[in-house]
Amino acid sequence: MINDKNSQKIVDIIQNWARKHSIWVLAYGTGCGAIEIPPTMTSRYDAERLGVRGAATPRQADVLLITGYLTVKTLKRVIRVYEQMQDPKYVIGFGSCTINGGMYYDSYNTIKVLDKYLPVDVYINGCMPRPEAVLSGFAQLQKRIAEGRATGARHYKENLEWYRANQKKIIPNWIMPEYNW
Amino acid sequence: MNILGAIVTFIVAFAVGMTYGGLTRKITARIQNRKGPPWYQNFIDAYKLYSKSTAIHHGALHFLGPAFLMVSSVMTLLFVPVLTHNNWFENLTFDGDLIFLIYIMTFGPLGMALGAGQTGNPNSAIGVTRGLSQMVGFEIPWVMALVSLMIQYDTTSVTGLMAAQEQSGSWLMFSSPFAFVAAVMAMLGMFRYSPFDIVGAPTELASGPVSENGGKFLFVMMSSGSVFTFAKLTLYVDLFLGGADNLVELLIKTFLLYMIPVLYGTVSPRYRTEQSIRWFWGWPSFFGLLAILQAVIF
């Protein structure tokens with residue numbers, strides 16, 4: 001009964017609905033984009049009415065929000081944080097810096113394309129994206145979750161060698177546990 | 001002991017506790033001039049947490065910590081008479097269950113402390129230390145209030161105290177006001193809303209004892225917290241507000257009581273641990289002492 005294809009489909013719809021309406025965000029304040037998170041959460045834009053809430057640790061979070069530029073030094077920590085999160089998990093790239101480097105396009109010490117290192121589900125462009133844009137990004141993520149298309153985490157697991165090779169290419173001293181998820 | 005009644009009690013407690021949690025979020029949001037999440041948001045969160053995968057392993061006690069919490073909540077619930085004169089909701093009772101309740105209500109946090117200790121997360125360890133210190137703070141006025149009631153009415157059972165209220169026709173809230181004040185002040189700490197929320201402070205301690213727990217662990221903690229909230233509120237209603245004859249009366253009384261820590265919390269900043277202990281050992285303990293004096297002298 002529970003393995004029946006149709007009942008699995010119904011369960012998936014209910015689960016995706018719940019996941020869509022309860023998004024716990026780990027706002028990894030890497031760059032200047034972190035300053036746009038407080039206005040999004042507080043009384044003017046109030047993301048909590050959409051079910052978007054801050055999470056304190058990676059263990060509890062659903063969404064990893066990379067706010068702005070990511071230095072090579074921070075990338076290592078971000079990868080570790082991402083791998084500690086529990087499935088299903090999503091990544092939002094926030095700001096131009098995560099898409100193509102933005103104003104740091106020729107910096108020697110920041111990564112340019114986040115998607116080569118972590119599977120990004122939704123990008124929010126702009127420098128800075130205003131809270132409206134952030135909310136629109138969350139709405140986009142909700143839409144993708146409801147349709148079952150936010151499968152970045154699965155993609156990451158399936159193509160782990162490719163991601164690991166990219167990560168190890170840019171991080172010279174790779175001292176990380178070989179992972180346990 | 002009615003098995004079916006116990007199950008119904010548990011379901012009612014779960015639903016009511018979760019709903020109160022959602023309403024609290026809504027009310028807090030309205031006070032902060034926000035729209036706030038819908039009242040059923042906690043149910044969605046709980047279901048989402050349950051449907052998350054859980055691939056965290058830190059050892060046996062880490063798994064047992066949330067189970068200890070749940071066991072403690074359910075045991076507390078089963079020893080609290082939910083409705084008066086109702087066979088369905090009158091669960092377990094014996095002479096001396098008030099003393100048993102004092103013990104069993106601290107059992108959950110202690111088990112959680114063991115579980116949080118094994119995760120090896122420094123934030124958990126700090127959170128546990130702060131939580132247990134704060135518990136020492138609010139347990140003093142709480143036990144003083146209960147002891148004064150036991151002396152005054154010469155009984156150590158919850159049903160005995162309820163019967164005493166029924167005989168005299170007045171709630172204990174009015175006939176022993178000092179005990180009520182002390183107990184309500186202890187309740188502020190018991191519910192861990194602001195200003196006594198240093199234990200699970202998200203920005204300072206990364207949510208403290210629960211910081212290594214996600215997914216299904218957090219689901220168990222959330223539901224046990226809801227059940228425990230209901231159990232504690234019902235215990236307060238039984239002890240001080242004369243119990244309740246039907247569910248509607250119970251909901252009104254518990255909700256009004258629940259709003260005391262919630263509303264006090266929304267307008268308060270956060271205390272440090274030693275500040276909160278000093279607070280609990282100040283006026284609340286003074287009122288507890290007055291309550292014991294009242295019980296002994298009158």
# chains A, B, ... in the order shown; residues from 1 in each chain; ligands from 1
call {"tool": "residues_around", "arguments": {"residues": "Lys89 (chain A)", "least_positions_apart": "4", "cutoff": "7 Å", "atoms": "only C-alpha atoms", "output": "list in words"}}
result
Asp62, Val63, Met85 and Ala153 of chain A
call {"tool": "closest_atom_pairs", "arguments": {"of": "chain A", "to": "chain B", "cutoff": "12 Å", "atoms": "only C-alpha atoms", "output": "JSON lines"}}
result
{"residue": "A:Val11", "atom": "CA", "partner": "B:Ser51", "partner_atom": "CA", "distance": 10.1}
{"residue": "A:Asp12", "atom": "CA", "partner": "B:Ser51", "partner_atom": "CA", "distance": 10.0}
{"residue": "A:Ile14", "atom": "CA", "partner": "B:Tyr47", "partner_atom": "CA", "distance": 9.5}
{"residue": "A:Gln15", "atom": "CA", "partner": "B:Lys48", "partner_atom": "CA", "distance": 6.9}
{"residue": "A:Asn16", "atom": "CA", "partner": "B:Lys48", "partner_atom": "CA", "distance": 8.6}
{"residue": "A:Trp17", "atom": "CA", "partner": "B:Ile44", "partner_atom": "CA", "distance": 8.8}
{"residue": "A:Ala18", "atom": "CA", "partner": "B:Ile44", "partner_atom": "CA", "distance": 5.4}
{"residue": "A:Arg19", "atom": "CA", "partner": "B:Lys48", "partner_atom": "CA", "distance": 5.6}
{"residue": "A:Lys20", "atom": "CA", "partner": "B:Lys48", "partner_atom": "CA", "distance": 9.0}
{"residue": "A:His21", "atom": "CA", "partner": "B:Ile44", "partner_atom": "CA", "distance": 7.1}
{"residue": "A:Ser22", "atom": "CA", "partner": "B:Asp45", "partner_atom": "CA", "distance": 5.6}
{"residue": "A:Ile23", "atom": "CA", "partner": "B:Asp45", "partner_atom": "CA", "distance": 8.5}
{"residue": "A:Trp24", "atom": "CA", "partner": "B:Asp45", "partner_atom": "CA", "distance": 9.2}
{"residue": "A:Leu26", "atom": "CA", "partner": "B:Ala206", "partner_atom": "CA", "distance": 10.9}
{"residue": "A:Ala27", "atom": "CA", "partner": "B:Thr203", "partner_atom": "CA", "distance": 11.6}
{"residue": "A:Pro39", "atom": "CA", "partner": "B:Arg34", "partner_atom": "CA", "distance": 11.9}
{"residue": "A:Thr40", "atom": "CA", "partner": "B:Arg34", "partner_atom": "CA", "distance": 11.5}
{"residue": "A:Met41", "atom": "CA", "partner": "B:Arg34", "partner_atom": "CA", "distance": 9.7}
{"residue": "A:Thr42", "atom": "CA", "partner": "B:Arg34", "partner_atom": "CA", "distance": 7.4}
{"residue": "A:Ser43", "atom": "CA", "partner": "B:Arg34", "partner_atom": "CA", "distance": 4.7}
{"residue": "A:Arg44", "atom": "CA", "partner": "B:Arg34", "partner_atom": "CA", "distance": 7.2}
{"residue": "A:Tyr45", "atom": "CA", "partner": "B:Arg34", "partner_atom": "CA", "distance": 8.2}
{"residue": "A:Asp46", "atom": "CA", "partner": "B:Arg34", "partner_atom": "CA", "distance": 6.1}
{"residue": "A:Ala47", "atom": "CA", "partner": "B:Gly36", "partner_atom": "CA", "distance": 8.4}
{"residue": "A:Glu48", "atom": "CA", "partner": "B:Pro37", "partner_atom": "CA", "distance": 5.7}
{"residue": "A:Arg49", "atom": "CA", "partner": "B:Pro37", "partner_atom": "CA", "distance": 4.0}
{"residue": "A:Leu50", "atom": "CA", "partner": "B:Pro37", "partner_atom": "CA", "distance": 6.7}
{"residue": "A:Gly51", "atom": "CA", "partner": "B:Pro37", "partner_atom": "CA", "distance": 6.3}
{"residue": "A:Val52", "atom": "CA", "partner": "B:Pro37", "partner_atom": "CA", "distance": 9.0}
{"residue": "A:Arg53", "atom": "CA", "partner": "B:Pro37", "partner_atom": "CA", "distance": 9.9}
{"residue": "A:Gly54", "atom": "CA", "partner": "B:Pro202", "partner_atom": "CA", "distance": 8.9}
{"residue": "A:Ala55", "atom": "CA", "partner": "B:Pro202", "partner_atom": "CA", "distance": 7.7}
{"residue": "A:Ala56", "atom": "CA", "partner": "B:Ala206", "partner_atom": "CA", "distance": 4.8}
{"residue": "A:Thr57", "atom": "CA", "partner": "B:Ala206", "partner_atom": "CA", "distance": 5.9}
{"residue": "A:Pro58", "atom": "CA", "partner": "B:Gly214", "partner_atom": "CA", "distance": 8.3}
{"residue": "A:Arg59", "atom": "CA", "partner": "B:Gly214", "partner_atom": "CA", "distance": 4.8}
{"residue": "A:Gln60", "atom": "CA", "partner": "B:Gly214", "partner_atom": "CA", "distance": 4.4}
{"residue": "A:Ala61", "atom": "CA", "partner": "B:Gly214", "partner_atom": "CA", "distance": 7.8}
{"residue": "A:Asp62", "atom": "CA", "partner": "B:Lys52", "partner_atom": "CA", "distance": 9.1}
{"residue": "A:Glu83", "atom": "CA", "partner": "B:Ala55", "partner_atom": "CA", "distance": 10.9}
{"residue": "A:Gln84", "atom": "CA", "partner": "B:Ile56", "partner_atom": "CA", "distance": 8.7}
{"residue": "A:Met85", "atom": "CA", "partner": "B:Gly214", "partner_atom": "CA", "distance": 8.6}
{"residue": "A:Gln86", "atom": "CA", "partner": "B:Ser53", "partner_atom": "CA", "distance": 6.1}
{"residue": "A:Asp87", "atom": "CA", "partner": "B:Ser53", "partner_atom": "CA", "distance": 5.4}
{"residue": "A:Pro88", "atom": "CA", "partner": "B:Lys52", "partner_atom": "CA", "distance": 6.3}
{"residue": "A:Lys89", "atom": "CA", "partner": "B:Lys52", "partner_atom": "CA", "distance": 9.2}
{"residue": "A:Tyr179", "atom": "CA", "partner": "B:Ala55", "partner_atom": "CA", "distance": 11.3}
{"residue": "A:Asn180", "atom": "CA", "partner": "B:Ala55", "partner_atom": "CA", "distance": 8.0}
{"residue": "A:Trp181", "atom": "CA", "partner": "B:Ala55", "partner_atom": "CA", "distance": 5.6}
call {"tool": "write_last_selection", "arguments": {"atoms": "C-alpha atoms", "output": "short mmCIF file (atom, residue, chain, number, x, y, z; two decimals), in the first residue's frame"}}
result
data_model
loop_
_atom_site.label_atom_id
_atom_site.label_comp_id
_atom_site.auth_asym_id
_atom_site.auth_seq_id
_atom_site.Cartn_x
_atom_site.Cartn_y
_atom_site.Cartn_z
CA VAL A 11 2.69 11.62 0.05
CA ASP A 12 5.16 13.56 -2.10
CA ILE A 14 1.84 16.67 0.92
CA GLN A 15 5.51 16.65 1.87
CA ASN A 16 6.43 19.17 -0.78
CA TRP A 17 3.58 21.38 0.37
CA ALA A 18 4.89 21.25 3.93
CA ARG A 19 8.48 21.88 2.81
CA LYS A 20 7.34 24.77 0.71
CA HIS A 21 5.58 26.46 3.61
CA SER A 22 8.28 25.87 6.17
CA ILE A 23 11.66 27.10 4.99
CA TRP A 24 14.29 27.43 7.69
CA LEU A 26 20.75 29.38 7.54
CA ALA A 27 21.91 32.81 6.43
CA PRO A 39 14.89 43.94 6.82
CA THR A 40 13.53 40.86 5.08
CA MET A 41 12.82 39.17 8.41
CA THR A 42 11.52 42.14 10.42
CA SER A 43 8.28 44.02 10.39
CA ARG A 44 8.43 45.78 7.03
CA TYR A 45 8.74 42.72 4.78
CA ASP A 46 8.08 39.97 7.35
CA ALA A 47 9.28 36.78 5.69
CA GLU A 48 7.80 34.72 8.55
CA ARG A 49 4.32 35.05 7.09
CA LEU A 50 5.55 32.84 4.22
CA GLY A 51 6.96 30.31 6.68
CA VAL A 52 10.53 31.52 6.17
CA ARG A 53 12.38 31.49 9.46
CA GLY A 54 15.95 31.70 10.61
CA ALA A 55 17.64 28.51 11.76
CA ALA A 56 20.50 28.60 14.20
CA THR A 57 22.57 25.64 13.06
CA PRO A 58 23.08 23.67 9.83
CA ARG A 59 21.47 20.61 11.41
CA GLN A 60 18.12 22.37 11.61
CA ALA A 61 18.25 24.34 8.37
CA ASP A 62 16.68 23.67 4.98
CA GLU A 83 27.41 18.80 4.07
CA GLN A 84 26.22 18.89 7.68
CA MET A 85 22.73 19.90 6.59
CA GLN A 86 20.05 17.24 6.40
CA ASP A 87 18.15 16.31 3.26
CA PRO A 88 16.18 17.86 1.65
CA LYS A 89 18.37 20.93 1.44
CA TYR A 179 31.93 12.59 4.67
CA ASN A 180 29.24 11.03 6.70
CA TRP A 181 25.80 12.25 5.63
#
call {"tool": "residues_around", "arguments": {"residues": "Tyr108 (chain A)", "least_positions_apart": "3", "cutoff": "10 Å", "atoms": "only C-alpha atoms", "output": "ChimeraX atom specification"}}
result
/A:71-72,104-105,111-112
call {"tool": "residues_around", "arguments": {"residues": "region 242-253 of chain B", "least_positions_apart": "6", "cutoff": "6 Å", "atoms": "only C-alpha atoms", "output": "VMD selection string"}}
result
chain B and resid 83 to 84 171
call {"tool": "write_last_selection", "arguments": {"atoms": "N, CA and C atoms", "output": "PDB file, in the first residue's frame"}}
result
ATOM      1  N   LEU B  83      -9.674  17.082  33.288  1.00  0.00           N
ATOM      2  CA  LEU B  83     -10.992  17.627  33.602  1.00  0.00           C
ATOM      3  C   LEU B  83     -11.474  17.039  34.922  1.00  0.00           C
ATOM      4  N   THR B  84     -12.243  17.822  35.666  1.00  0.00           N
ATOM      5  CA  THR B  84     -12.829  17.287  36.893  1.00  0.00           C
ATOM      6  C   THR B  84     -14.086  16.499  36.547  1.00  0.00           C
ATOM      7  N   TRP B 171     -11.272  29.562  44.572  1.00  0.00           N
ATOM      8  CA  TRP B 171     -10.051  29.068  43.958  1.00  0.00           C
ATOM      9  C   TRP B 171      -8.862  29.333  44.875  1.00  0.00           C
TER      10      TRP B 171
END
call {"tool": "atom_distance", "arguments": {"atom1": "CA of Phe68 (chain B)", "atom2": "CA of Phe89 (chain B)"}}
result
23.6 Å
call {"tool": "atom_distance", "arguments": {"atom1": "CA of Gly31 (chain A)", "atom2": "CA of Ile66 (chain A)"}}
result
8.2 Å
